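**Student:** One file is attached below, start-v9.txt, containing compact mmCIF, C-alpha atoms and all ligand atoms.
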# COMPACT_ATOMS: atom_id res chain seq x y z
CA MET Z 217 -21.97 13.05 -22.19
CA THR Z 218 -25.10 11.03 -21.42
CA GLU Z 219 -25.31 8.64 -18.52
CA ALA Z 220 -24.97 5.75 -20.96
CA ASP Z 221 -21.62 7.15 -22.19
CA GLU Z 222 -20.20 7.58 -18.66
CA PRO Z 223 -17.25 5.23 -18.18
CA LEU Z 224 -18.09 2.39 -15.79
CA PHE Z 225 -14.90 3.26 -13.93
CA ASN Z 226 -14.38 6.93 -13.10
CA PRO Z 227 -12.40 7.60 -9.93
CA PHE Z 228 -12.89 11.34 -10.44
CA ALA Z 229 -16.69 11.06 -10.16
CA PRO Z 230 -18.30 12.91 -7.22
CA GLY Z 231 -18.60 10.66 -4.19
CA TYR Z 232 -15.88 8.21 -5.28
CA ALA Z 233 -13.40 9.34 -2.60
CA GLU Z 234 -16.00 8.68 0.11
CA ASP Z 235 -17.29 5.41 -1.33
CA PRO Z 236 -15.79 3.78 -4.42
CA TYR Z 237 -17.47 0.42 -3.77
CA PRO Z 238 -20.65 0.97 -5.85
CA GLN Z 239 -18.42 1.46 -8.93
CA PHE Z 240 -16.52 -1.75 -8.13
CA ALA Z 241 -19.79 -3.70 -7.67
CA ARG Z 242 -21.00 -2.47 -11.05
CA LEU Z 243 -17.74 -3.37 -12.74
CA ARG Z 244 -17.80 -6.90 -11.29
CA ALA Z 245 -21.40 -7.38 -12.37
CA GLU Z 246 -21.39 -5.69 -15.77
CA ALA Z 247 -17.83 -5.54 -17.07
CA PRO Z 248 -15.35 -7.57 -15.02
CA VAL Z 249 -12.74 -7.17 -17.78
CA TYR Z 250 -13.30 -3.52 -18.54
CA GLU Z 251 -11.62 -1.59 -21.34
CA HIS Z 252 -11.68 2.06 -20.35
CA PRO Z 253 -12.25 4.63 -23.12
CA LEU Z 254 -8.81 6.12 -22.25
CA GLY Z 255 -7.18 2.87 -23.35
CA PHE Z 256 -6.38 0.97 -20.13
CA TRP Z 257 -8.09 -2.10 -18.66
CA VAL Z 258 -9.57 -2.78 -15.20
CA LEU Z 259 -9.93 -6.20 -13.53
CA SER Z 260 -12.28 -6.33 -10.55
CA ARG Z 261 -13.14 -9.95 -9.72
CA TYR Z 262 -11.19 -11.92 -7.12
CA GLU Z 263 -10.21 -14.82 -9.38
CA ASP Z 264 -9.08 -12.49 -12.18
CA VAL Z 265 -7.09 -10.18 -9.91
CA GLN Z 266 -5.41 -13.13 -8.21
CA ALA Z 267 -4.56 -14.77 -11.55
CA LEU Z 268 -2.96 -11.56 -12.83
CA LEU Z 269 -0.92 -11.21 -9.62
CA ARG Z 270 0.34 -14.77 -10.03
CA SER Z 271 1.07 -14.30 -13.73
CA GLU Z 272 4.39 -13.23 -15.18
CA GLU Z 273 3.07 -10.12 -16.87
CA SER Z 274 5.28 -7.05 -16.60
CA VAL Z 275 5.35 -4.09 -14.22
CA GLU Z 276 7.64 -2.08 -16.51
CA LEU Z 277 6.04 0.75 -18.46
CA VAL Z 278 8.62 0.40 -21.26
CA ASN Z 279 6.54 -2.58 -22.37
CA LEU Z 280 3.48 -0.45 -23.11
CA ALA Z 281 2.38 -0.68 -26.74
CA ALA Z 282 2.24 2.51 -28.82
CA GLY Z 283 -1.20 4.07 -28.51
CA PRO Z 284 -3.20 6.79 -26.81
CA TYR Z 285 -2.50 5.56 -23.28
CA ARG Z 286 1.25 5.46 -23.78
CA ASP Z 287 1.08 8.89 -25.46
CA MET Z 288 -0.78 10.27 -22.45
CA LEU Z 289 1.80 8.89 -19.99
CA GLN Z 290 4.64 10.21 -22.10
CA GLN Z 291 3.08 13.62 -22.28
CA LEU Z 292 2.65 13.66 -18.52
CA HIS Z 293 6.29 12.76 -18.04
CA GLY Z 294 7.39 15.31 -20.60
CA GLY Z 295 9.50 12.86 -22.57
CA VAL Z 296 10.14 9.25 -23.38
CA ILE Z 297 9.39 6.39 -21.02
CA THR Z 298 12.67 4.97 -19.77
CA PRO Z 299 13.36 2.33 -17.11
CA ARG Z 300 15.16 4.99 -15.03
CA MET Z 301 12.03 7.14 -14.92
CA GLN Z 302 10.36 4.53 -12.77
CA GLY Z 303 13.26 4.18 -10.39
CA LEU Z 304 15.19 1.07 -9.51
CA SER Z 305 13.01 -0.32 -6.76
CA MET Z 306 11.99 -3.96 -7.04
CA LEU Z 307 8.36 -2.86 -7.33
CA ASP Z 308 9.17 -1.35 -10.73
CA ARG Z 309 11.31 -4.20 -12.04
CA ASP Z 310 10.55 -7.50 -13.74
CA ASP Z 311 12.49 -10.69 -13.12
CA PRO Z 312 15.38 -11.37 -13.13
CA ASP Z 313 16.11 -7.90 -11.65
CA HIS Z 314 13.07 -8.06 -9.36
CA LEU Z 315 14.06 -11.45 -7.98
CA ARG Z 316 17.67 -10.38 -7.50
CA LEU Z 317 16.65 -7.27 -5.54
CA ARG Z 318 13.97 -9.13 -3.57
CA LYS Z 319 16.44 -11.84 -2.53
CA LEU Z 320 18.94 -9.24 -1.30
CA VAL Z 321 16.32 -7.24 0.62
CA THR Z 322 14.83 -10.42 2.14
CA LYS Z 323 18.27 -11.18 3.60
CA ALA Z 324 18.15 -7.98 5.66
CA PHE Z 325 14.45 -8.30 6.39
CA THR Z 326 14.63 -11.39 8.56
CA PRO Z 327 11.84 -12.66 10.85
CA LYS Z 328 14.29 -12.02 13.72
CA ALA Z 329 14.72 -8.37 12.67
CA ILE Z 330 10.94 -8.00 12.56
CA SER Z 331 10.02 -9.84 15.77
CA GLY Z 332 12.76 -7.88 17.57
CA LEU Z 333 10.64 -4.77 17.03
CA GLN Z 334 7.56 -6.09 18.90
CA THR Z 335 8.38 -4.81 22.40
CA TRP Z 336 9.44 -1.44 21.08
CA ILE Z 337 6.27 -1.10 18.93
CA ASP Z 338 4.07 -2.00 21.93
CA ALA Z 339 5.79 0.63 24.07
CA MET Z 340 5.43 3.27 21.36
CA VAL Z 341 1.71 2.50 20.99
CA GLU Z 342 1.25 2.76 24.77
CA ALA Z 343 2.95 6.18 24.80
CA ARG Z 344 0.63 7.38 22.02
CA LEU Z 345 -2.40 6.00 23.87
CA ASP Z 346 -1.30 7.88 27.01
CA GLU Z 347 -1.38 11.10 25.00
CA ILE Z 348 -4.83 10.29 23.62
CA ALA Z 349 -6.07 9.48 27.13
CA GLU Z 350 -4.75 12.74 28.48
CA ALA Z 351 -6.41 14.73 25.68
CA GLY Z 352 -9.68 12.80 26.05
CA GLY Z 353 -9.47 11.82 22.37
CA GLY Z 354 -8.01 13.23 19.19
CA ASP Z 355 -7.47 12.44 15.55
CA VAL Z 356 -6.60 8.74 15.12
CA VAL Z 357 -4.59 9.44 11.96
CA ASP Z 358 -2.44 12.16 13.45
CA ALA Z 359 -2.13 10.72 16.95
CA LEU Z 360 -1.60 7.04 16.16
CA ALA Z 361 -1.90 5.76 12.58
CA TYR Z 362 0.63 8.09 10.95
CA PRO Z 363 3.45 8.23 13.51
CA ILE Z 364 3.65 4.53 14.40
CA PRO Z 365 4.59 3.11 10.96
CA PHE Z 366 6.81 6.10 10.23
CA GLU Z 367 8.83 5.60 13.39
CA VAL Z 368 8.96 1.86 12.79
CA ILE Z 369 10.46 2.15 9.30
CA SER Z 370 12.84 4.89 10.40
CA LYS Z 371 14.09 2.80 13.31
CA MET Z 372 14.20 -0.38 11.25
CA LEU Z 373 16.37 1.30 8.62
CA GLY Z 374 18.37 3.12 11.30
CA MET Z 375 17.79 6.62 9.94
CA PRO Z 376 19.27 9.45 12.09
CA GLU Z 377 16.59 11.19 14.16
CA ALA Z 378 17.69 14.61 12.94
CA ASP Z 379 16.45 13.68 9.45
CA HIS Z 380 13.05 12.28 10.51
CA GLU Z 381 10.99 15.43 10.11
CA ARG Z 382 12.27 16.21 6.61
CA ILE Z 383 11.97 12.56 5.54
CA ARG Z 384 8.39 12.59 6.75
CA GLU Z 385 7.59 15.62 4.61
CA LEU Z 386 9.36 14.29 1.53
CA THR Z 387 7.87 10.79 1.68
CA GLY Z 388 4.43 12.37 2.07
CA VAL Z 389 4.97 14.03 -1.32
CA ILE Z 390 6.49 10.95 -2.97
CA ALA Z 391 3.57 8.75 -1.87
CA GLY Z 392 1.63 10.60 -4.59
CA SER Z 393 3.69 8.69 -7.17
CA VAL Z 394 1.45 5.63 -6.81
CA GLU Z 395 -1.65 7.68 -7.63
CA PRO Z 396 -2.91 8.15 -11.19
CA ARG Z 397 -0.76 11.11 -12.32
CA ILE Z 398 -2.68 13.93 -13.86
CA ASP Z 399 -1.06 17.15 -12.74
CA PRO Z 400 2.38 18.09 -14.14
CA ALA Z 401 3.05 20.31 -11.10
CA VAL Z 402 2.52 17.30 -8.80
CA ILE Z 403 4.80 15.16 -10.96
CA ARG Z 404 7.50 17.84 -10.73
CA ALA Z 405 7.11 18.12 -6.94
CA ILE Z 406 7.43 14.33 -6.64
CA ALA Z 407 10.63 14.34 -8.73
CA GLU Z 408 12.14 17.12 -6.59
CA ALA Z 409 11.22 15.37 -3.34
CA ASP Z 410 12.68 12.13 -4.72
CA GLU Z 411 15.94 13.89 -5.53
CA GLU Z 412 16.24 15.44 -2.07
CA LEU Z 413 15.34 12.22 -0.28
CA SER Z 414 17.84 10.28 -2.38
CA GLY Z 415 20.49 12.79 -1.28
CA ILE Z 416 19.66 12.18 2.38
CA PHE Z 417 19.89 8.41 1.85
CA ARG Z 418 23.20 8.66 -0.04
CA ARG Z 419 24.69 10.57 2.88
CA VAL Z 420 23.38 8.08 5.44
CA ILE Z 421 24.55 5.11 3.38
CA GLU Z 422 28.03 6.58 3.14
CA TRP Z 423 28.10 7.01 6.91
CA LYS Z 424 26.81 3.49 7.53
CA ARG Z 425 29.44 1.96 5.29
CA GLU Z 426 31.96 3.27 7.84
CA HIS Z 427 29.79 2.66 10.92
CA PRO Z 428 27.72 -0.50 10.29
CA SER Z 429 25.10 -1.39 12.86
CA ASP Z 430 22.40 -4.07 13.24
CA ASP Z 431 19.73 -2.10 11.36
CA VAL Z 432 18.14 -3.11 8.04
CA LEU Z 433 19.99 -0.45 6.01
CA SER Z 434 23.34 -1.75 7.27
CA GLY Z 435 22.01 -5.22 6.44
CA LEU Z 436 21.14 -4.09 2.92
CA ILE Z 437 24.64 -2.65 2.45
CA ARG Z 438 26.12 -5.96 3.61
CA ALA Z 439 23.61 -8.21 1.83
CA GLU Z 440 25.34 -10.41 -0.67
CA ASP Z 441 24.09 -13.23 -2.83
CA ASN Z 442 26.61 -15.22 -4.87
CA GLY Z 443 28.90 -12.21 -5.03
CA ASP Z 444 25.99 -9.94 -5.93
CA VAL Z 445 25.48 -6.76 -3.86
CA LEU Z 446 23.21 -3.71 -4.18
CA SER Z 447 24.66 -0.67 -5.96
CA ASP Z 448 24.33 2.71 -4.22
CA ASP Z 449 21.44 3.73 -6.51
CA GLU Z 450 19.70 0.43 -5.82
CA LEU Z 451 20.23 0.84 -2.07
CA VAL Z 452 18.61 4.27 -2.22
CA SER Z 453 15.65 2.98 -4.28
CA GLN Z 454 14.93 -0.01 -2.02
CA SER Z 455 15.13 2.25 1.06
CA VAL Z 456 12.75 4.82 -0.43
CA LEU Z 457 10.45 1.91 -1.36
CA MET Z 458 10.20 0.91 2.32
CA TYR Z 459 8.84 4.33 3.14
CA ILE Z 460 6.46 4.42 0.18
CA ALA Z 461 5.29 0.78 0.27
CA GLY Z 462 5.45 0.47 4.01
CA HIS Z 463 4.26 3.72 5.49
CA HIS Z 464 1.02 4.97 3.95
CA ASN Z 465 -0.40 1.47 3.52
CA THR Z 466 0.03 0.84 7.23
CA VAL Z 467 -1.44 4.24 8.13
CA ASN Z 468 -4.52 3.15 6.17
CA LEU Z 469 -4.64 -0.27 7.83
CA ILE Z 470 -4.76 1.32 11.29
CA SER Z 471 -7.17 4.16 10.54
CA ASN Z 472 -9.46 2.11 8.27
CA GLY Z 473 -9.51 -0.57 10.94
CA VAL Z 474 -10.53 1.85 13.69
CA LEU Z 475 -13.16 3.39 11.41
CA ALA Z 476 -14.63 -0.02 10.53
CA LEU Z 477 -14.98 -0.82 14.25
CA LEU Z 478 -16.52 2.56 15.07
CA ARG Z 479 -19.06 2.08 12.29
CA HIS Z 480 -19.91 -1.45 13.49
CA PRO Z 481 -20.35 -1.19 17.27
CA GLY Z 482 -21.53 -4.80 17.51
CA GLN Z 483 -18.21 -5.96 16.06
CA LEU Z 484 -16.28 -3.62 18.32
CA ALA Z 485 -18.11 -5.11 21.32
CA ALA Z 486 -17.34 -8.64 20.08
CA LEU Z 487 -13.62 -7.83 19.89
CA ARG Z 488 -13.70 -6.34 23.37
CA GLU Z 489 -15.33 -9.48 24.71
CA ASP Z 490 -12.98 -11.84 22.94
CA PRO Z 491 -9.46 -10.42 22.51
CA ASP Z 492 -8.46 -13.66 20.74
CA LEU Z 493 -10.41 -12.31 17.77
CA LEU Z 494 -7.71 -9.69 17.18
CA ASP Z 495 -5.63 -11.68 14.64
CA ASN Z 496 -8.63 -12.37 12.45
CA ALA Z 497 -10.05 -8.88 13.04
CA VAL Z 498 -6.95 -7.36 11.45
CA GLU Z 499 -7.34 -9.69 8.45
CA GLU Z 500 -10.99 -8.78 8.12
CA VAL Z 501 -10.36 -5.02 8.16
CA LEU Z 502 -7.56 -5.52 5.63
CA ARG Z 503 -10.13 -7.30 3.46
CA TYR Z 504 -12.96 -4.85 4.05
CA GLU Z 505 -10.89 -1.72 3.32
CA SER Z 506 -7.81 -2.57 1.32
CA PRO Z 507 -5.04 -0.06 2.25
CA ALA Z 508 -4.00 0.10 -1.43
CA HIS Z 509 -6.76 -0.22 -4.01
CA PHE Z 510 -4.89 -1.08 -7.20
CA THR Z 511 -1.82 -2.50 -8.78
CA ARG Z 512 -0.78 -2.39 -12.41
CA ARG Z 513 0.66 -4.82 -14.90
CA VAL Z 514 1.58 -4.43 -18.56
CA THR Z 515 0.67 -7.47 -20.67
CA LEU Z 516 3.58 -9.06 -22.51
CA ASN Z 517 1.48 -11.47 -24.58
CA PRO Z 518 -2.20 -11.72 -25.52
CA TYR Z 519 -3.75 -12.20 -22.06
CA LYS Z 520 -7.05 -14.10 -21.79
CA VAL Z 521 -9.54 -13.41 -19.01
CA GLY Z 522 -12.63 -15.55 -19.55
CA ASP Z 523 -13.80 -14.80 -23.07
CA VAL Z 524 -11.95 -11.52 -23.36
CA GLU Z 525 -8.47 -11.25 -24.83
CA ILE Z 526 -6.40 -8.27 -23.67
CA PRO Z 527 -3.77 -7.42 -26.31
CA PRO Z 528 -0.02 -7.35 -25.55
CA GLY Z 529 1.36 -4.04 -24.32
CA ALA Z 530 -1.87 -3.09 -22.50
CA PHE Z 531 -1.91 -1.27 -19.14
CA VAL Z 532 -4.04 -3.35 -16.77
CA MET Z 533 -5.21 -2.11 -13.38
CA ALA Z 534 -6.22 -4.85 -10.96
CA SER Z 535 -8.28 -3.80 -7.97
CA TYR Z 536 -7.42 -5.39 -4.63
CA ALA Z 537 -10.26 -3.43 -3.06
CA SER Z 538 -12.85 -4.77 -5.47
CA ALA Z 539 -11.52 -8.34 -5.34
CA ASN Z 540 -11.80 -8.25 -1.54
CA ARG Z 541 -15.52 -7.45 -1.80
CA ASP Z 542 -16.30 -10.04 -4.49
CA GLU Z 543 -19.48 -11.84 -3.40
CA GLU Z 544 -18.61 -14.79 -5.66
CA PHE Z 545 -15.57 -15.44 -3.50
CA PHE Z 546 -16.40 -14.10 -0.02
CA GLY Z 547 -20.14 -14.78 -0.12
CA PRO Z 548 -23.25 -12.59 -0.18
CA ASP Z 549 -22.17 -10.67 2.95
CA ALA Z 550 -18.83 -9.61 1.42
CA ALA Z 551 -19.78 -5.94 1.88
CA GLN Z 552 -20.13 -6.42 5.64
CA VAL Z 553 -17.56 -6.48 8.42
CA ARG Z 554 -17.51 -9.83 10.21
CA LEU Z 555 -14.48 -10.14 12.45
CA ASP Z 556 -14.89 -13.92 12.71
CA ARG Z 557 -15.05 -14.45 8.94
CA LYS Z 558 -13.17 -17.70 8.28
CA GLU Z 559 -11.80 -16.74 4.86
CA ALA Z 560 -10.79 -13.19 5.85
CA ARG Z 561 -7.09 -14.06 5.57
CA LEU Z 562 -7.52 -14.87 1.87
CA HIS Z 563 -7.84 -11.16 1.07
CA LEU Z 564 -5.51 -9.84 -1.64
CA SER Z 565 -4.47 -6.66 0.19
CA PHE Z 566 -0.86 -7.88 0.40
CA ALA Z 567 -1.02 -9.09 -3.23
CA ALA Z 568 -0.18 -12.72 -4.11
CA GLY Z 569 2.47 -14.69 -5.92
CA GLY Z 570 6.06 -13.56 -6.45
CA ARG Z 571 5.42 -9.99 -5.33
CA TYR Z 572 3.60 -10.82 -2.10
CA CYS Z 573 4.30 -7.95 0.33
CA LEU Z 574 7.65 -8.35 2.06
CA GLY Z 575 6.42 -6.28 5.00
CA ALA Z 576 3.18 -8.19 5.65
CA ALA Z 577 4.32 -9.63 9.01
CA LEU Z 578 5.49 -6.22 10.19
CA ALA Z 579 2.29 -4.51 9.02
CA ARG Z 580 0.18 -7.12 10.83
CA MET Z 581 2.22 -6.58 13.99
CA GLU Z 582 1.70 -2.82 13.84
CA GLY Z 583 -2.01 -3.16 13.00
CA LYS Z 584 -2.59 -5.50 15.95
CA ALA Z 585 -0.64 -3.33 18.38
CA ALA Z 586 -2.43 -0.10 17.40
CA ILE Z 587 -6.00 -1.33 16.87
CA GLY Z 588 -5.86 -3.87 19.70
CA GLY Z 589 -4.28 -1.32 22.04
CA LEU Z 590 -6.92 1.31 21.35
CA VAL Z 591 -9.79 -1.11 21.92
CA ARG Z 592 -8.27 -2.61 25.06
CA ARG Z 593 -7.42 0.71 26.60
CA PHE Z 594 -10.58 2.75 25.93
CA GLU Z 595 -13.91 1.25 26.93
CA LYS Z 596 -15.73 4.38 25.85
CA LEU Z 597 -14.12 4.68 22.41
CA THR Z 598 -16.50 6.52 20.05
CA ALA Z 599 -16.41 8.64 16.91
CA ASP Z 600 -16.26 12.36 17.62
CA GLY Z 601 -17.27 13.75 14.23
CA ASP Z 602 -17.18 12.62 10.62
CA VAL Z 603 -14.28 10.96 8.91
CA GLU Z 604 -12.51 13.12 6.32
CA TRP Z 605 -11.09 11.09 3.38
CA ASN Z 606 -7.63 11.77 1.93
CA GLY Z 607 -8.98 12.03 -1.63
CA ARG Z 608 -6.48 9.45 -2.91
CA ILE Z 609 -7.56 6.90 -5.48
CA ASN Z 610 -4.97 4.22 -4.75
CA LEU Z 611 -3.84 4.74 -1.15
CA ARG Z 612 -7.37 5.68 -0.11
CA GLY Z 613 -7.92 6.14 3.59
CA PRO Z 614 -8.99 8.63 6.25
CA LYS Z 615 -7.20 11.97 6.41
CA LYS Z 616 -8.84 12.77 9.73
CA LEU Z 617 -10.71 10.44 12.05
CA PRO Z 618 -11.77 12.18 15.28
CA ILE Z 619 -12.43 10.01 18.32
CA ALA Z 620 -13.44 10.58 21.91
CA VAL Z 621 -12.30 8.22 24.65
C1 LIG U 1 -0.91 -2.72 5.64
C2 LIG U 1 0.29 -2.46 5.16
C3 LIG U 1 0.79 -2.92 3.81
C4 LIG U 1 0.08 -3.27 2.70
C5 LIG U 1 -1.42 -3.32 2.51
C6 LIG U 1 1.06 -3.61 1.67
C7 LIG U 1 0.72 -4.04 0.40
C8 LIG U 1 1.62 -4.43 -0.56
C9 LIG U 1 1.26 -4.89 -1.89
C10 LIG U 1 -0.15 -5.00 -2.40
C11 LIG U 1 2.41 -5.18 -2.55
C12 LIG U 1 2.53 -5.71 -3.99
C13 LIG U 1 2.47 -4.62 -5.00
C14 LIG U 1 2.36 -5.11 -6.40
O1 LIG U 1 2.48 -6.29 -6.71
O2 LIG U 1 2.10 -4.27 -7.28
C15 LIG U 1 3.50 -4.91 -1.64
C16 LIG U 1 4.83 -5.08 -1.94
C17 LIG U 1 5.83 -4.72 -1.09
N1 LIG U 1 5.72 -4.28 0.21
FE1 LIG U 1 4.02 -3.99 1.24
N2 LIG U 1 2.31 -3.45 2.18
C18 LIG U 1 2.20 -3.04 3.49
C19 LIG U 1 3.22 -2.78 4.37
C20 LIG U 1 4.55 -2.92 4.06
C21 LIG U 1 5.64 -2.64 4.98
C22 LIG U 1 5.46 -2.20 6.44
C23 LIG U 1 6.79 -2.83 4.27
C24 LIG U 1 8.21 -2.67 4.72
C25 LIG U 1 8.66 -1.83 5.57
C26 LIG U 1 6.43 -3.26 2.94
C27 LIG U 1 7.32 -3.57 1.94
C28 LIG U 1 6.98 -4.04 0.69
C29 LIG U 1 7.97 -4.37 -0.34
C30 LIG U 1 9.48 -4.26 -0.20
C31 LIG U 1 7.24 -4.80 -1.46
C32 LIG U 1 7.80 -5.22 -2.81
C33 LIG U 1 7.78 -6.72 -2.96
C34 LIG U 1 8.18 -7.16 -4.35
O3 LIG U 1 8.07 -6.38 -5.31
O4 LIG U 1 8.62 -8.31 -4.49
N3 LIG U 1 5.06 -3.30 2.84
N4 LIG U 1 3.00 -4.46 -0.44
Rewrite the coordinates I just gave you, this time as structure tokens.
**Tutor:**
Amino acid sequence: MTEADEPLFNPFAPGYAEDPYPQFARLRAEAPVYEHPLGFWVLSRYEDVQALLRSEESVELVNLAAGPYRDMLQQLHGGVITPRMQGLSMLDRDDPDHLRLRKLVTKAFTPKAISGLQTWIDAMVEARLDEIAEAGGGDVVDALAYPIPFEVISKMLGMPEADHERIRELTGVIAGSVEPRIDPAVIRAIAEADEELSGIFRRVIEWKREHPSDDVLSGLIRAEDNGDVLSDDELVSQSVLMYIAGHHNTVNLISNGVLALLRHPGQLAALREDPDLLDNAVEEVLRYESPAHFTRRVTLNPYKVGDVEIPPGAFVMASYASANRDEEFFGPDAAQVRLDRKEARLHLSFAAGGRYCLGAALARMEGKAAIGGLVRRFEKLTADGDVEWNGRINLRGPKKLPIAV
């Protein structure tokens, strides 16, 4: 293959895991509505990504048109594409099912339930910072970014502590389900982990039906809308979704945020000097390094983007990460970190429209507690070696981020 034949988007190219942004910049400049030779499409400009998110195109793979891309997915899944294969979580459902599930989950996910976690989150961060202080540093991912959101979701759902360790292992495997799937062994491992985790949830749900408490899972069991309640399978899927949608994204927010500050000492100093910058700083790091890089939609009708018409039944990837660096929207310094950037909050990292992240307030709270706490506590915070990336294409973030304090 000559250089001219190389696809403009190739997440398997050397160097992509460390820095995918040159590919995004090229896509935005040369092919903002890109048809990949494998048969899917990529949108990379802010306006186009936002418009797709606000559209009513599908998330359900059953709507894929016959063709090489559908064949490839089918082959990977070793059979036909069925709605069940994707699970029953709202993330995999179109309206009216999506709306029905979202309404029920929103009932349990109240602002009161979220703000009630603040004191507890702050205390947990402090305890983690004590450990870092005692050790003189450590790995930000392992010591802070990974455990905080995991504990938060587990507590929020009211999962028994005895199950935490196994849930942590299983959800780590299942998080791979939002990555482009290429390895049948990985797909099998994800399915097995999903089965085991579902078993754990079924057991806990049964127990909570008899012993309801004020946690979100009990709330989900109780949640009712015009006589509508969640079935057991739906309860399991929405609960697993919290771990998948809520955990690894937040790990990335915290560790990407710390990395961005370490790489921009002037900005770190500015935040130290003016703690009121923290709210906007979290928005800016969410913009600068989107915790999730892509979402997908399947077109239901001919879908026009500028002069290009995407046919119905096409698989379209929309890049949050690229949209967030679009110079046309964020200005010529979009590739730089500026904690006082006025438009930072307009990033698309939590999506937009009817699927805007339900956990955004909680994620912001955790991001502020962890990043703000680290900066406040350690005046001598510095990197203590190179970042090691997790090699993921969608949930891209640091695997290891050593610091000294
Ligand atoms: C920094 C952290 C987070 C980021 C960047 C993030 C990002 C997103 C994005 C982009 C979507 C939309 C996906 C799509 O349209 O394809 C989404 C949906 C969702 N998120 Fe988050 N999320 C984060 C944290 C959380 C947390 C902590 C929770 C809950 C514990 C959560 C729960 C959800 C749920 C339930 C949905 C589905 C909403 C729907 O389909 O209507 N997220 N999130």
**Student:** Which one is closest to ligand LIG 1 (chain U): Z:Ile390, Z:Met372, Z:Val514, Z:Leu487? Count all atoms listed in the file.
**Tutor:** Z:Met372
**Student:** At most 7 Å from (6.2, -9.0, -24.8), file frame, all atoms listed in the file: which residues, as a PDB file with C-alpha atoms, keeping the file's coordinate frame?
**Tutor:**
ATOM      1  CA  ASN Z 279       6.540  -2.580 -22.370  1.00  0.00           C
ATOM      2  CA  LEU Z 516       3.580  -9.060 -22.510  1.00  0.00           C
ATOM      3  CA  ASN Z 517       1.480 -11.470 -24.580  1.00  0.00           C
ATOM      4  CA  PRO Z 528      -0.020  -7.350 -25.550  1.00  0.00           C
ATOM      5  CA  GLY Z 529       1.360  -4.040 -24.320  1.00  0.00           C
TER       6      GLY Z 529
END
**Student:** Please tabulate, as JSON lines, the residues of chain Z that come within 6 Å of ligand LIG 1 (chain U), each with its closest pair of atoms and the distance in Å to one decimal, counting only C-alpha atoms and all ligand atoms and ordering rows by chain, then residue number upward.
**Tutor:**
{"residue": "Z:Met306", "atom": "CA", "partner": "U:LIG1", "partner_atom": "O3", "distance": 4.9}
{"residue": "Z:Leu307", "atom": "CA", "partner": "U:LIG1", "partner_atom": "O3", "distance": 4.1}
{"residue": "Z:Arg318", "atom": "CA", "partner": "U:LIG1", "partner_atom": "O4", "distance": 5.5}
{"residue": "Z:Ile369", "atom": "CA", "partner": "U:LIG1", "partner_atom": "C25", "distance": 5.7}
{"residue": "Z:Met458", "atom": "CA", "partner": "U:LIG1", "partner_atom": "C25", "distance": 4.5}
{"residue": "Z:Ala461", "atom": "CA", "partner": "U:LIG1", "partner_atom": "N3", "distance": 4.8}
{"residue": "Z:Gly462", "atom": "CA", "partner": "U:LIG1", "partner_atom": "C21", "distance": 3.3}
{"residue": "Z:Asn465", "atom": "CA", "partner": "U:LIG1", "partner_atom": "C2", "distance": 4.3}
{"residue": "Z:Thr466", "atom": "CA", "partner": "U:LIG1", "partner_atom": "C2", "distance": 3.9}
{"residue": "Z:Leu469", "atom": "CA", "partner": "U:LIG1", "partner_atom": "C1", "distance": 5.0}
{"residue": "Z:Pro507", "atom": "CA", "partner": "U:LIG1", "partner_atom": "C5", "distance": 4.9}
{"residue": "Z:Ala508", "atom": "CA", "partner": "U:LIG1", "partner_atom": "C5", "distance": 5.8}
{"residue": "Z:Thr511", "atom": "CA", "partner": "U:LIG1", "partner_atom": "O2", "distance": 4.6}
{"residue": "Z:Ser565", "atom": "CA", "partner": "U:LIG1", "partner_atom": "C5", "distance": 5.1}
{"residue": "Z:Phe566", "atom": "CA", "partner": "U:LIG1", "partner_atom": "C10", "distance": 4.1}
{"residue": "Z:Ala567", "atom": "CA", "partner": "U:LIG1", "partner_atom": "C10", "distance": 4.3}
{"residue": "Z:Arg571", "atom": "CA", "partner": "U:LIG1", "partner_atom": "O4", "distance": 3.7}
{"residue": "Z:Tyr572", "atom": "CA", "partner": "U:LIG1", "partner_atom": "C12", "distance": 5.6}
{"residue": "Z:Cys573", "atom": "CA", "partner": "U:LIG1", "partner_atom": "C16", "distance": 3.7}
{"residue": "Z:Leu574", "atom": "CA", "partner": "U:LIG1", "partner_atom": "C28", "distance": 4.6}
{"residue": "Z:Gly575", "atom": "CA", "partner": "U:LIG1", "partner_atom": "C23", "distance": 3.5}
{"residue": "Z:Ala576", "atom": "CA", "partner": "U:LIG1", "partner_atom": "C19", "distance": 5.6}
{"residue": "Z:Leu578", "atom": "CA", "partner": "U:LIG1", "partner_atom": "C22", "distance": 5.5}
{"residue": "Z:Ala579", "atom": "CA", "partner": "U:LIG1", "partner_atom": "C22", "distance": 4.7}
**Student:** Which of these residues is nearest to Z:Ala551, using only C-alpha atoms: Z:Pro238, Z:Gly589, Z:Gly473, Z:Pro327?
**Tutor:**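 When distances to Z:Ala551 are compared using only C-alpha atoms, the smallest one comes from Z:Pro238.
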**Student:** Env of Z:Ala282: 12 Å cut, atoms = only C-alpha atoms, seq-sep filter 5 positions within chain, self excluded. Answer as a list in words.
**Tutor:**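 The residues that qualify are Gly255, Leu277, Asp287, Met288, Leu289, Gln290, Val296, Ile297, Pro527, Pro528, Gly529, Ala530 and Phe531 of chain Z.
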**Student:** Can you tell me which residues surround Z:Asp311 at a distance of at most 10 Å, considering all atoms listed in the file, apart from same-chain residues fewer than 6 positions away, and format the answer as a ChimeraX atom specification?
**Tutor:** /Z:272,274-275,317-318,570
